[in-house]
Amino acid sequence: MKTKTKSKKVNKNWLHDHINDPYVKAAQKDGYRARAAYKLKEIDEQLKLIHPGHTVVDLGCAPGAWSQYVRRRLSPGGAAAGQLNGRIISLDLLPMEPIEGVHYIQGDFREESVLTQLEEAMQGGKADVVISDMAPNLTGSASTDAARVAVLIEMAVDFALHNLKPEGVLVVKLFHGSGYNELVDLFKQTFKVVKPVKPKASRDRSTETFLVGVGLKSPV
C-alpha cells in the first residue's frame, strides 16, 4: 500500500511540474510537439551550428520537435511551412506525424537496410549537421542502461564518420554516469572540437547532457 501511495504521489508531482513547466507552455504556444525543441534551440543559438542551405540528419526524431526546429532554421523568416532552404532527413523506430519538407524514415538505426535508406535519401551528399536525441528504453540497471546508451552513441559517431562533411557537426544526447568519460574520449578522438552542453531546458534533476563534436579529425 505504501509503495502504491508513493507512486501516486510521484505521478501527481510529475504531472504538476509538467503542467507548470515554462518550456511545456512555450512549446504549446510556439507549435512544437515537445519541450525538447528548446534544448536544441539553446545549443544551436549558443554554438551557431545550423544554417540555411544545410543538410541535417535527425536521428531518433519522434515525435519531431527537433526536426520542427531545424525546419524553421532552414526556412526564410523561420516559417514552420512553405519554402525550405536545405534538406532534413529524419529517422526513428516510432511513427511520426509528417512535417512539411522533412524526409522521414521509420526503422531501426541498427539495421543495415535502414542505414541504406538513410544514405540513399542523402543522394550521395554529406550532412552538414547530424543531431541525435536517441535514447534507449531504460531498464533501471545502471550497467545495462549505460551499455545501451553507449551503443547508440557509437553508432551515431560511426554514421557521422561516413556521412558528415569534414567540418560538419554531431550533436548527441547522453547521460552522466557509468561510461560517460569513455564516450567523451570517443568524441575527442573523432572531432577537432568537443563541447559538453547542459541546456536550461534540460531539467535540473535529469542526468542528461549533450555532446557537440565539430570537425572530423579523420573523415572516411
# chains A, B, ... in the order shown; residues from 1 in each chain; ligands from 1
call {"tool": "select_by_dssp", "arguments": {"residues": "chain A", "states": "strand (DSSP E)", "output": "number ranges by chain"}}
result
A: 55-59, 87-92, 102-106, 127-132, 164-175, 191-197, 208-216
call {"tool": "select_by_dssp", "arguments": {"residues": "region 120-193 of chain A", "states": "alpha helix (DSSP H)", "output": "count of residues only"}}
result
35
call {"tool": "closest_residue", "arguments": {"among": "A:Val56, A:His162, A:Asp108, A:Ile43", "to": "Pro196 (chain A)", "atoms": "only C-alpha atoms"}}
result
A:Ile43
call {"tool": "closest_residue", "arguments": {"among": "A:Val214, A:Ala65, A:Ala80, A:Leu49", "to": "Val24 (chain A)", "atoms": "only C-alpha atoms"}}
result
A:Ala65
call {"tool": "closest_residue", "arguments": {"among": "A:Leu161, A:Leu211, A:Ala37, A:Leu152", "to": "Asn181 (chain A)", "atoms": "only C-alpha atoms"}}
result
A:Leu211
call {"tool": "residues_around", "arguments": {"residues": "Pro52 (chain A)", "least_positions_apart": "5", "cutoff": "8 Å", "atoms": "only C-alpha atoms", "output": "CSV table (one decimal) with N, CA and C atoms, in the first residue's frame"}}
result
chain,number,residue,atom,x,y,z
A,73,ARG,N,14.7,26.7,-38.9
A,73,ARG,CA,16.0,27.3,-39.1
A,73,ARG,C,16.4,27.4,-40.5
A,74,LEU,N,15.9,26.4,-41.3
A,74,LEU,CA,16.2,26.4,-42.7
A,74,LEU,C,15.2,27.1,-43.6
A,75,SER,N,14.2,27.8,-42.9
A,75,SER,CA,13.2,28.5,-43.7
A,75,SER,C,13.4,30.0,-43.6
A,85,ASN,N,15.1,26.1,-47.4
A,85,ASN,CA,16.4,26.3,-48.0
A,85,ASN,C,17.4,25.3,-47.3
A,86,GLY,N,17.4,24.0,-47.8
A,86,GLY,CA,18.2,23.0,-47.2
A,86,GLY,C,17.4,21.6,-47.2
call {"tool": "closest_residue", "arguments": {"among": "A:Asp133, A:Lys29, A:Gln83, A:Glu120", "to": "Pro63 (chain A)", "atoms": "only C-alpha atoms"}}
result
A:Asp133
call {"tool": "atom_distance", "arguments": {"atom1": "CA of Arg71 (chain A)", "atom2": "CA of Glu100 (chain A)"}}
result
8.3 Å
call {"tool": "atom_distance", "arguments": {"atom1": "CA of Lys41 (chain A)", "atom2": "CA of Gly107 (chain A)"}}
result
25.8 Å
call {"tool": "atom_distance", "arguments": {"atom1": "CA of Ala26 (chain A)", "atom2": "CA of Val169 (chain A)"}}
result
27.0 Å
call {"tool": "residues_around", "arguments": {"residues": "Asp44 (chain A)", "least_positions_apart": "6", "cutoff": "12 Å", "atoms": "only C-alpha atoms", "output": "list in words"}}
result
Ala37, Tyr38, Ile50, His51, Trp66, Tyr69, Val70, Arg73, Val129, Ile131, Val169, Leu170, Val171, Val197, Pro199, Phe210 and Val212 of chain A
call {"tool": "write_last_selection", "arguments": {"atoms": "N, CA and C atoms", "output": "tab-separated table (two decimals), in the first residue's frame"}}
result
chain	number	residue	atom	x	y	z
A	37	ALA	N	12.44	20.74	-28.13
A	37	ALA	CA	12.86	21.69	-29.17
A	37	ALA	C	13.76	22.77	-28.60
A	38	TYR	N	13.49	23.17	-27.36
A	38	TYR	CA	14.24	24.28	-26.76
A	38	TYR	C	15.64	23.86	-26.33
A	50	ILE	N	23.48	25.40	-37.05
A	50	ILE	CA	22.58	25.11	-38.17
A	50	ILE	C	22.31	26.39	-38.96
A	51	HIS	N	22.49	26.31	-40.29
A	51	HIS	CA	22.33	27.48	-41.14
A	51	HIS	C	21.53	27.12	-42.40
A	66	TRP	N	12.67	18.28	-32.68
A	66	TRP	CA	13.97	18.74	-33.19
A	66	TRP	C	13.88	19.00	-34.69
A	69	TYR	N	12.25	22.29	-35.24
A	69	TYR	CA	13.15	23.41	-35.02
A	69	TYR	C	14.08	23.61	-36.22
A	70	VAL	N	14.64	22.50	-36.71
A	70	VAL	CA	15.55	22.59	-37.86
A	70	VAL	C	14.81	23.14	-39.07
A	73	ARG	N	14.70	26.74	-38.86
A	73	ARG	CA	16.02	27.35	-39.06
A	73	ARG	C	16.38	27.41	-40.54
A	129	VAL	N	25.16	18.73	-40.60
A	129	VAL	CA	24.89	18.54	-39.17
A	129	VAL	C	24.13	17.23	-38.98
A	131	ILE	N	22.12	15.38	-35.83
A	131	ILE	CA	21.63	15.58	-34.46
A	131	ILE	C	20.99	14.28	-33.99
A	169	VAL	N	29.11	18.78	-38.04
A	169	VAL	CA	28.81	18.80	-36.59
A	169	VAL	C	27.96	17.58	-36.22
A	170	LEU	N	28.26	16.99	-35.07
A	170	LEU	CA	27.42	15.94	-34.49
A	170	LEU	C	27.00	16.37	-33.10
A	171	VAL	N	25.69	16.29	-32.83
A	171	VAL	CA	25.14	16.58	-31.51
A	171	VAL	C	24.45	15.31	-31.00
A	197	VAL	N	27.32	20.34	-23.34
A	197	VAL	CA	26.35	21.41	-23.10
A	197	VAL	C	25.19	20.86	-22.28
A	199	PRO	N	21.69	22.32	-21.58
A	199	PRO	CA	20.75	23.43	-21.82
A	199	PRO	C	19.86	23.68	-20.61
A	210	PHE	N	24.43	16.99	-23.33
A	210	PHE	CA	24.62	16.86	-24.78
A	210	PHE	C	26.09	17.09	-25.11
A	212	VAL	N	28.70	17.98	-28.25
A	212	VAL	CA	28.77	18.54	-29.60
A	212	VAL	C	30.20	18.33	-30.11
call {"tool": "closest_residue", "arguments": {"among": "A:Ala62, A:Val130, A:Val57, A:Val114", "to": "Pro95 (chain A)", "atoms": "only C-alpha atoms"}}
result
A:Ala62
call {"tool": "residues_around", "arguments": {"residues": "Arg87 (chain A)", "least_positions_apart": "5", "cutoff": "8 Å", "atoms": "only C-alpha atoms", "output": "MDAnalysis selection string"}}
result
chainID A and resid 53:56 101:102
call {"tool": "write_last_selection", "arguments": {"atoms": "N, CA and C atoms", "output": "tab-separated table (two decimals), in the first residue's frame"}}
result
chain	number	residue	atom	x	y	z
A	53	GLY	N	20.54	26.30	-46.05
A	53	GLY	CA	21.33	25.61	-47.05
A	53	GLY	C	21.93	24.30	-46.56
A	54	HIS	N	21.88	24.07	-45.26
A	54	HIS	CA	22.46	22.86	-44.69
A	54	HIS	C	21.63	21.61	-44.98
A	55	THR	N	22.31	20.48	-44.99
A	55	THR	CA	21.65	19.17	-44.93
A	55	THR	C	21.79	18.69	-43.50
A	56	VAL	N	20.65	18.41	-42.87
A	56	VAL	CA	20.64	18.00	-41.46
A	56	VAL	C	19.97	16.63	-41.34
A	101	GLY	N	8.35	19.21	-45.67
A	101	GLY	CA	9.73	19.36	-46.08
A	101	GLY	C	10.71	18.40	-45.44
A	102	VAL	N	10.24	17.56	-44.52
A	102	VAL	CA	11.12	16.61	-43.82
A	102	VAL	C	10.94	15.22	-44.42
call {"tool": "closest_residue", "arguments": {"among": "A:Gln189, A:Ser178, A:Asn20, A:Ser90", "to": "Gly215 (chain A)", "atoms": "only C-alpha atoms"}}
result
A:Gln189
